[in-house]
$ cat entry_17.pdb   # PDB, C-alpha atoms, pLDDT in the B column
ATOM      1  CA  MET A   1       0.000   0.000   0.000  1.00 53.00           C
ATOM      2  CA  GLN A   2       1.333   3.422  -0.943  1.00 53.00           C
ATOM      3  CA  PHE A   3      -0.043   6.159   1.298  1.00 64.00           C
ATOM      4  CA  ASN A   4       0.828   9.556  -0.124  1.00 81.00           C
ATOM      5  CA  PRO A   5      -0.846  12.920   0.650  1.00 87.00           C
ATOM      6  CA  ALA A   6      -3.094  12.523  -2.426  1.00 93.00           C
ATOM      7  CA  GLU A   7      -4.912   9.781  -0.497  1.00 94.00           C
ATOM      8  CA  TYR A   8      -6.380  12.426   1.831  1.00 95.00           C
ATOM      9  CA  VAL A   9      -7.931  14.146  -1.197  1.00 96.00           C
ATOM     10  CA  GLY A  10      -9.245  10.750  -2.334  1.00 96.00           C
ATOM     11  CA  LEU A  11     -10.667   9.887   1.092  1.00 96.00           C
ATOM     12  CA  THR A  12     -12.460  13.263   1.328  1.00 97.00           C
ATOM     13  CA  ALA A  13     -13.806  12.711  -2.194  1.00 97.00           C
ATOM     14  CA  GLY A  14     -14.935   9.203  -1.251  1.00 96.00           C
ATOM     15  CA  ALA A  15     -16.637  10.368   1.956  1.00 97.00           C
ATOM     16  CA  LEU A  16     -18.673  12.905  -0.083  1.00 96.00           C
ATOM     17  CA  THR A  17     -19.649  10.650  -3.006  1.00 95.00           C
ATOM     18  CA  THR A  18     -20.491   7.738  -0.670  1.00 95.00           C
ATOM     19  CA  ALA A  19     -22.487   9.938   1.745  1.00 94.00           C
ATOM     20  CA  ALA A  20     -24.534  11.230  -1.199  1.00 90.00           C
ATOM     21  CA  TYR A  21     -26.176   7.782  -1.485  1.00 89.00           C
ATOM     22  CA  LEU A  22     -27.288   7.706   2.170  1.00 92.00           C
ATOM     23  CA  PRO A  23     -30.543   9.729   1.886  1.00 88.00           C
ATOM     24  CA  GLN A  24     -31.743   7.480  -0.968  1.00 88.00           C
ATOM     25  CA  VAL A  25     -30.847   4.272   0.877  1.00 91.00           C
ATOM     26  CA  TYR A  26     -32.547   5.532   4.066  1.00 91.00           C
ATOM     27  CA  LYS A  27     -35.689   6.573   2.178  1.00 89.00           C
ATOM     28  CA  THR A  28     -35.974   3.255   0.331  1.00 90.00           C
ATOM     29  CA  TRP A  29     -35.265   1.219   3.486  1.00 92.00           C
ATOM     30  CA  ARG A  30     -37.961   3.168   5.364  1.00 93.00           C
ATOM     31  CA  THR A  31     -40.683   3.247   2.695  1.00 91.00           C
ATOM     32  CA  LYS A  32     -39.855   0.039   0.786  1.00 91.00           C
ATOM     33  CA  ALA A  33     -41.272   1.915  -2.228  1.00 90.00           C
ATOM     34  CA  VAL A  34     -39.103   1.090  -5.249  1.00 88.00           C
ATOM     35  CA  GLY A  35     -41.466   1.902  -8.122  1.00 87.00           C
ATOM     36  CA  ASP A  36     -39.520   5.022  -9.141  1.00 82.00           C
ATOM     37  CA  ILE A  37     -36.117   3.350  -8.691  1.00 82.00           C
ATOM     38  CA  SER A  38     -34.383   2.401 -11.927  1.00 85.00           C
ATOM     39  CA  LEU A  39     -33.233  -1.233 -12.042  1.00 89.00           C
ATOM     40  CA  ILE A  40     -30.917  -0.518 -14.985  1.00 88.00           C
ATOM     41  CA  MET A  41     -29.335   2.449 -13.210  1.00 88.00           C
ATOM     42  CA  TYR A  42     -28.593   0.512 -10.015  1.00 91.00           C
ATOM     43  CA  SER A  43     -27.388  -2.556 -11.946  1.00 94.00           C
ATOM     44  CA  ALA A  44     -24.938  -0.356 -13.905  1.00 93.00           C
ATOM     45  CA  MET A  45     -23.937   1.500 -10.736  1.00 93.00           C
ATOM     46  CA  THR A  46     -23.299  -1.715  -8.751  1.00 96.00           C
ATOM     47  CA  LEU A  47     -21.178  -3.235 -11.535  1.00 97.00           C
ATOM     48  CA  GLY A  48     -19.368   0.086 -12.083  1.00 97.00           C
ATOM     49  CA  VAL A  49     -18.567   0.592  -8.392  1.00 97.00           C
ATOM     50  CA  PHE A  50     -17.405  -3.045  -8.152  1.00 98.00           C
ATOM     51  CA  LEU A  51     -15.002  -2.441 -11.078  1.00 97.00           C
ATOM     52  CA  TRP A  52     -13.705   0.769  -9.402  1.00 97.00           C
ATOM     53  CA  PHE A  53     -13.015  -1.381  -6.332  1.00 97.00           C
ATOM     54  CA  VAL A  54     -11.062  -3.891  -8.489  1.00 97.00           C
ATOM     55  CA  TYR A  55      -9.209  -0.964 -10.116  1.00 97.00           C
ATOM     56  CA  GLY A  56      -8.246   0.337  -6.658  1.00 96.00           C
ATOM     57  CA  VAL A  57      -6.869  -3.091  -5.724  1.00 97.00           C
ATOM     58  CA  LEU A  58      -4.878  -3.311  -9.000  1.00 96.00           C
ATOM     59  CA  LEU A  59      -3.436   0.197  -8.476  1.00 94.00           C
ATOM     60  CA  ARG A  60      -3.002  -0.323  -4.708  1.00 93.00           C
ATOM     61  CA  ALA A  61      -4.796   2.986  -4.115  1.00 94.00           C
ATOM     62  CA  PRO A  62      -6.276   2.923  -0.556  1.00 95.00           C
ATOM     63  CA  ALA A  63      -8.778   5.759  -1.107  1.00 96.00           C
ATOM     64  CA  VAL A  64     -10.267   4.049  -4.186  1.00 97.00           C
ATOM     65  CA  ILE A  65     -10.558   0.720  -2.337  1.00 97.00           C
ATOM     66  CA  ILE A  66     -12.117   2.187   0.842  1.00 97.00           C
ATOM     67  CA  ALA A  67     -14.528   4.597  -0.894  1.00 97.00           C
ATOM     68  CA  ASN A  68     -15.765   2.084  -3.461  1.00 97.00           C
ATOM     69  CA  GLY A  69     -15.963  -0.713  -0.889  1.00 97.00           C
ATOM     70  CA  ALA A  70     -18.318   1.463   1.178  1.00 97.00           C
ATOM     71  CA  SER A  71     -20.285   2.626  -1.910  1.00 96.00           C
ATOM     72  CA  LEU A  72     -20.588  -0.966  -3.120  1.00 97.00           C
ATOM     73  CA  MET A  73     -22.377  -1.963   0.095  1.00 97.00           C
ATOM     74  CA  LEU A  74     -24.849   0.928  -0.327  1.00 95.00           C
ATOM     75  CA  VAL A  75     -25.613   0.541  -4.060  1.00 94.00           C
ATOM     76  CA  GLY A  76     -25.646  -3.258  -3.683  1.00 96.00           C
ATOM     77  CA  TRP A  77     -28.198  -2.906  -0.866  1.00 95.00           C
ATOM     78  CA  MET A  78     -30.305  -0.579  -3.071  1.00 93.00           C
ATOM     79  CA  LEU A  79     -30.210  -3.163  -5.884  1.00 94.00           C
ATOM     80  CA  LYS A  80     -31.196  -5.926  -3.432  1.00 95.00           C
ATOM     81  CA  MET A  81     -34.148  -3.839  -2.118  1.00 94.00           C
ATOM     82  CA  LYS A  82     -35.239  -3.026  -5.686  1.00 92.00           C
ATOM     83  CA  ILE A  83     -35.325  -6.736  -6.590  1.00 94.00           C
ATOM     84  CA  LYS A  84     -36.914  -7.770  -3.268  1.00 93.00           C
ATOM     85  CA  TYR A  85     -39.698  -5.160  -3.118  1.00 92.00           C
ATOM     86  CA  HIS A  86     -40.314  -4.822  -6.869  1.00 87.00           C
ATOM     87  CA  GLY A  87     -43.062  -7.474  -7.031  1.00 75.00           C
ATOM     88  CA  ARG A  88     -44.678  -6.228  -3.823  1.00 73.00           C
ATOM     89  CA  ASP A  89     -44.751  -2.668  -5.153  1.00 61.00           C
ATOM     90  CA  ARG A  90     -46.331  -3.727  -8.450  1.00 62.00           C
ATOM     91  CA  ALA A  91     -48.924  -5.895  -6.672  1.00 63.00           C
ATOM     92  CA  LYS A  92     -49.905  -2.941  -4.480  1.00 61.00           C
ATOM     93  CA  LYS A  93     -50.484  -0.769  -7.548  1.00 59.00           C
ATOM     94  CA  ARG A  94     -52.806  -3.371  -9.079  1.00 61.00           C
ATOM     95  CA  GLU A  95     -55.034  -3.454  -5.974  1.00 61.00           C
ATOM     96  CA  PRO A  96     -58.314  -1.592  -6.485  1.00 62.00           C
ATOM     97  CA  LYS A  97     -58.602   1.607  -4.481  1.00 61.00           C
ATOM     98  CA  LEU A  98     -61.107   1.313  -1.642  1.00 66.00           C
ATOM     99  CA  PRO A  99     -63.253   4.311  -0.786  1.00 65.00           C
TER     100      PRO A  99
ATOM    101  CA  MET B   1       0.737   9.412 -17.677  1.00 53.00           C
ATOM    102  CA  GLN B   2       1.097   5.732 -16.832  1.00 53.00           C
ATOM    103  CA  PHE B   3      -1.193   3.543 -18.931  1.00 64.00           C
ATOM    104  CA  ASN B   4      -1.225   0.027 -17.563  1.00 81.00           C
ATOM    105  CA  PRO B   5      -3.878  -2.670 -18.158  1.00 87.00           C
ATOM    106  CA  ALA B   6      -5.663  -1.676 -14.922  1.00 93.00           C
ATOM    107  CA  GLU B   7      -6.735   1.510 -16.749  1.00 94.00           C
ATOM    108  CA  TYR B   8      -9.083  -0.568 -18.934  1.00 95.00           C
ATOM    109  CA  VAL B   9     -10.856  -1.798 -15.791  1.00 96.00           C
ATOM    110  CA  GLY B  10     -11.037   1.824 -14.592  1.00 96.00           C
ATOM    111  CA  LEU B  11     -12.377   3.099 -17.915  1.00 96.00           C
ATOM    112  CA  THR B  12     -15.097   0.397 -17.982  1.00 97.00           C
ATOM    113  CA  ALA B  13     -15.966   1.274 -14.372  1.00 97.00           C
ATOM    114  CA  GLY B  14     -16.076   4.973 -15.287  1.00 96.00           C
ATOM    115  CA  ALA B  15     -18.273   4.388 -18.333  1.00 97.00           C
ATOM    116  CA  LEU B  16     -20.809   2.546 -16.144  1.00 96.00           C
ATOM    117  CA  THR B  17     -20.871   4.948 -13.186  1.00 95.00           C
ATOM    118  CA  THR B  18     -20.984   8.008 -15.481  1.00 95.00           C
ATOM    119  CA  ALA B  19     -23.716   6.517 -17.711  1.00 94.00           C
ATOM    120  CA  ALA B  20     -25.826   5.850 -14.611  1.00 90.00           C
ATOM    121  CA  TYR B  21     -26.365   9.631 -14.262  1.00 89.00           C
ATOM    122  CA  LEU B  22     -27.656  10.059 -17.824  1.00 92.00           C
ATOM    123  CA  PRO B  23     -31.343   9.078 -17.293  1.00 88.00           C
ATOM    124  CA  GLN B  24     -31.627  11.561 -14.391  1.00 88.00           C
ATOM    125  CA  VAL B  25     -29.960  14.381 -16.332  1.00 91.00           C
ATOM    126  CA  TYR B  26     -32.158  13.715 -19.380  1.00 91.00           C
ATOM    127  CA  LYS B  27     -35.334  13.624 -17.267  1.00 89.00           C
ATOM    128  CA  THR B  28     -34.506  16.862 -15.435  1.00 90.00           C
ATOM    129  CA  TRP B  29     -33.447  18.624 -18.659  1.00 92.00           C
ATOM    130  CA  ARG B  30     -36.712  17.582 -20.337  1.00 93.00           C
ATOM    131  CA  THR B  31     -39.161  18.272 -17.476  1.00 91.00           C
ATOM    132  CA  LYS B  32     -37.291  21.073 -15.650  1.00 91.00           C
ATOM    133  CA  ALA B  33     -38.975  19.650 -12.525  1.00 90.00           C
ATOM    134  CA  VAL B  34     -36.463  19.780  -9.677  1.00 88.00           C
ATOM    135  CA  GLY B  35     -38.746  19.661  -6.637  1.00 87.00           C
ATOM    136  CA  ASP B  36     -37.738  16.089  -5.724  1.00 82.00           C
ATOM    137  CA  ILE B  37     -34.038  16.697  -6.429  1.00 82.00           C
ATOM    138  CA  SER B  38     -31.884  17.064  -3.319  1.00 85.00           C
ATOM    139  CA  LEU B  39     -29.707  20.200  -3.322  1.00 89.00           C
ATOM    140  CA  ILE B  40     -27.506  18.805  -0.534  1.00 88.00           C
ATOM    141  CA  MET B  41     -26.987  15.521  -2.393  1.00 89.00           C
ATOM    142  CA  TYR B  42     -25.941  17.193  -5.660  1.00 91.00           C
ATOM    143  CA  SER B  43     -23.763  19.739  -3.854  1.00 94.00           C
ATOM    144  CA  ALA B  44     -21.928  16.910  -2.034  1.00 93.00           C
ATOM    145  CA  MET B  45     -21.735  14.885  -5.260  1.00 93.00           C
ATOM    146  CA  THR B  46     -20.335  17.795  -7.310  1.00 96.00           C
ATOM    147  CA  LEU B  47     -17.666  18.591  -4.699  1.00 97.00           C
ATOM    148  CA  GLY B  48     -16.868  14.875  -4.251  1.00 97.00           C
ATOM    149  CA  VAL B  49     -16.515  14.198  -7.986  1.00 97.00           C
ATOM    150  CA  PHE B  50     -14.368  17.349  -8.348  1.00 98.00           C
ATOM    151  CA  LEU B  51     -12.047  16.025  -5.593  1.00 97.00           C
ATOM    152  CA  TRP B  52     -11.874  12.599  -7.333  1.00 97.00           C
ATOM    153  CA  PHE B  53     -10.800  14.468 -10.471  1.00 97.00           C
ATOM    154  CA  VAL B  54      -8.037  16.289  -8.485  1.00 97.00           C
ATOM    155  CA  TYR B  55      -7.021  12.928  -6.960  1.00 97.00           C
ATOM    156  CA  GLY B  56      -6.735  11.443 -10.468  1.00 96.00           C
ATOM    157  CA  VAL B  57      -4.483  14.330 -11.540  1.00 97.00           C
ATOM    158  CA  LEU B  58      -2.281  13.923  -8.410  1.00 96.00           C
ATOM    159  CA  LEU B  59      -1.969  10.161  -9.004  1.00 94.00           C
ATOM    160  CA  ARG B  60      -1.695  10.560 -12.794  1.00 93.00           C
ATOM    161  CA  ALA B  61      -4.398   7.941 -13.235  1.00 94.00           C
ATOM    162  CA  PRO B  62      -6.037   8.462 -16.673  1.00 95.00           C
ATOM    163  CA  ALA B  63      -9.214   6.467 -15.916  1.00 96.00           C
ATOM    164  CA  VAL B  64      -9.911   8.495 -12.747  1.00 97.00           C
ATOM    165  CA  ILE B  65      -9.343  11.787 -14.618  1.00 97.00           C
ATOM    166  CA  ILE B  66     -11.499  10.879 -17.648  1.00 97.00           C
ATOM    167  CA  ALA B  67     -14.370   9.259 -15.711  1.00 97.00           C
ATOM    168  CA  ASN B  68     -14.641  11.994 -13.091  1.00 97.00           C
ATOM    169  CA  GLY B  69     -14.188  14.756 -15.669  1.00 97.00           C
ATOM    170  CA  ALA B  70     -17.223  13.388 -17.530  1.00 97.00           C
ATOM    171  CA  SER B  71     -19.216  12.821 -14.314  1.00 96.00           C
ATOM    172  CA  LEU B  72     -18.368  16.333 -13.121  1.00 97.00           C
ATOM    173  CA  MET B  73     -20.010  17.840 -16.202  1.00 97.00           C
ATOM    174  CA  LEU B  74     -23.185  15.804 -15.583  1.00 95.00           C
ATOM    175  CA  VAL B  75     -23.530  16.358 -11.821  1.00 94.00           C
ATOM    176  CA  GLY B  76     -22.482  20.000 -12.222  1.00 96.00           C
ATOM    177  CA  TRP B  77     -25.208  20.432 -14.849  1.00 95.00           C
ATOM    178  CA  MET B  78     -27.748  18.827 -12.488  1.00 93.00           C
ATOM    179  CA  LEU B  79     -26.713  21.228  -9.714  1.00 94.00           C
ATOM    180  CA  LYS B  80     -27.013  24.179 -12.105  1.00 95.00           C
ATOM    181  CA  MET B  81     -30.522  23.077 -13.203  1.00 94.00           C
ATOM    182  CA  LYS B  82     -31.562  22.564  -9.554  1.00 92.00           C
ATOM    183  CA  ILE B  83     -30.483  26.132  -8.686  1.00 94.00           C
ATOM    184  CA  LYS B  84     -31.917  27.625 -11.901  1.00 93.00           C
ATOM    185  CA  TYR B  85     -35.352  25.954 -11.828  1.00 92.00           C
ATOM    186  CA  HIS B  86     -35.789  25.768  -8.044  1.00 87.00           C
ATOM    187  CA  GLY B  87     -37.631  29.098  -7.735  1.00 75.00           C
ATOM    188  CA  ARG B  88     -39.729  28.418 -10.827  1.00 74.00           C
ATOM    189  CA  ASP B  89     -40.761  25.025  -9.448  1.00 61.00           C
ATOM    190  CA  ARG B  90     -41.757  26.496  -6.086  1.00 62.00           C
ATOM    191  CA  ALA B  91     -43.697  29.343  -7.715  1.00 63.00           C
ATOM    192  CA  LYS B  92     -45.640  26.832  -9.818  1.00 61.00           C
ATOM    193  CA  LYS B  93     -46.651  24.901  -6.697  1.00 59.00           C
ATOM    194  CA  ARG B  94     -48.041  28.068  -5.087  1.00 60.00           C
ATOM    195  CA  GLU B  95     -50.275  28.821  -8.071  1.00 61.00           C
ATOM    196  CA  PRO B  96     -53.932  27.936  -7.427  1.00 63.00           C
ATOM    197  CA  LYS B  97     -55.195  25.011  -9.483  1.00 61.00           C
ATOM    198  CA  LEU B  98     -57.588  26.092 -12.223  1.00 66.00           C
ATOM    199  CA  PRO B  99     -60.486  23.841 -13.102  1.00 64.00           C
TER     200      PRO B  99
END
$ encode --input "entry_17.pdb" --output "structure tokens"
Amino acid sequence: MQFNPAEYVGLTAGALTTAAYLPQVYKTWRTKAVGDISLIMYSAMTLGVFLWFVYGVLLRAPAVIIANGASLMLVGWMLKMKIKYHGRDRAKKREPKLP
Amino acid sequence: MQFNPAEYVGLTAGALTTAAYLPQVYKTWRTKAVGDISLIMYSAMTLGVFLWFVYGVLLRAPAVIIANGASLMLVGWMLKMKIKYHGRDRAKKREPKLP
């Protein structure tokens, strides 16, 4: 592992870009409403963040590994919730509205 | 610039994570509706992606520079639209609904 001053810039960057997912994850976890969540977007994001993680390992860049490891848990969780609650959400929409 | 095989992994990662923003940018550009867009999230994201770009320059990592340069344009544009259309969106909500 090479730990040069640039890693502090990377860790600050990673804290910001990872934290930006938190409100969405919290909202989805609380409401379990995933109708407006894009499956394609979160599939691309999960694969992309996973590849950034691999890239960080190949380059031995700590900030890239730490930030994308944390982001991967969040976007992976979003993808899991989307798949898990998708059917439930659709079923709810098909129910007739009661007065 | 060092261009080793790891950069291909990084460029694929960058293509995926950057492309994931496109549907949101397109939707906001088309509808100009920014009421559900989080100002704090896009502010954090813009600053975070900018710092990733700086980190890429410091590390001389082409994939980090290219991917975050592209992402910065998209999230920066989102932030600009949020600030530009925010007042308009709020004003519209205050208007009484006509029959």
$ closest_residue --input "entry_17.pdb" --among "B:Gly48, B:Pro62, B:Gly76, B:Pro23" --to "chain A" --atoms "all atoms listed in the file"
B:Gly48
$ interface_residues --input "entry_17.pdb" --of "chain B" --to "chain A" --cutoff "8 Å" --atoms "only C-alpha atoms" --output "ChimeraX atom specification"
/B:6-7,9-10,12-17,19-21,41-42,44-45,47-52,54-55,58-59
$ residues_around --input "entry_17.pdb" --residues "stretch 29-34 of chain A" --least-positions-apart "4" --cutoff "8 Å" --atoms "all atoms listed in the file" --output "list of chain:residue names"
A:Val25, A:Met81, A:Lys82, A:Tyr85, A:His86, A:Asp89
$ atom_distance --input "entry_17.pdb" --atom1 "atom CA of A:Leu39" --atom2 "atom CA of A:Val75"
11.2 Å
$ atom_distance --input "entry_17.pdb" --atom1 "atom CA of A:Arg60" --atom2 "atom CA of A:Lys80"
28.8 Å
$ atom_distance --input "entry_17.pdb" --atom1 "atom CA of B:Asn68" --atom2 "atom CA of B:Asp36"
24.6 Å
$ axis_aligned_box --input "entry_17.pdb" --around "stretch 41-56 of chain B" --padding-each-side "8 Å" --output "lines of an AutoDock Vina configuration file"
center_x = -16.9
center_y = 15.6
center_z = -6.3
size_x = 36.3
size_y = 24.3
size_z = 24.4
$ decode --input "entry_17.pdb" --residues "stretch 48-66 of chain A" --atoms "C-alpha atoms" --output "mmCIF file, in the first residue's frame"
data_model
loop_
_atom_site.group_PDB
_atom_site.id
_atom_site.type_symbol
_atom_site.label_atom_id
_atom_site.label_comp_id
_atom_site.auth_asym_id
_atom_site.auth_seq_id
_atom_site.Cartn_x
_atom_site.Cartn_y
_atom_site.Cartn_z
ATOM 1 C CA GLY A 48 -19.368 0.086 -12.083
ATOM 2 C CA VAL A 49 -18.567 0.592 -8.392
ATOM 3 C CA PHE A 50 -17.405 -3.045 -8.152
ATOM 4 C CA LEU A 51 -15.002 -2.441 -11.078
ATOM 5 C CA TRP A 52 -13.705 0.769 -9.402
ATOM 6 C CA PHE A 53 -13.015 -1.381 -6.332
ATOM 7 C CA VAL A 54 -11.062 -3.891 -8.489
ATOM 8 C CA TYR A 55 -9.209 -0.964 -10.116
ATOM 9 C CA GLY A 56 -8.246 0.337 -6.658
ATOM 10 C CA VAL A 57 -6.869 -3.091 -5.724
ATOM 11 C CA LEU A 58 -4.878 -3.311 -9.000
ATOM 12 C CA LEU A 59 -3.436 0.197 -8.476
ATOM 13 C CA ARG A 60 -3.002 -0.323 -4.708
ATOM 14 C CA ALA A 61 -4.796 2.986 -4.115
ATOM 15 C CA PRO A 62 -6.276 2.923 -0.556
ATOM 16 C CA ALA A 63 -8.778 5.759 -1.107
ATOM 17 C CA VAL A 64 -10.267 4.049 -4.186
ATOM 18 C CA ILE A 65 -10.558 0.720 -2.337
ATOM 19 C CA ILE A 66 -12.117 2.187 0.842
#
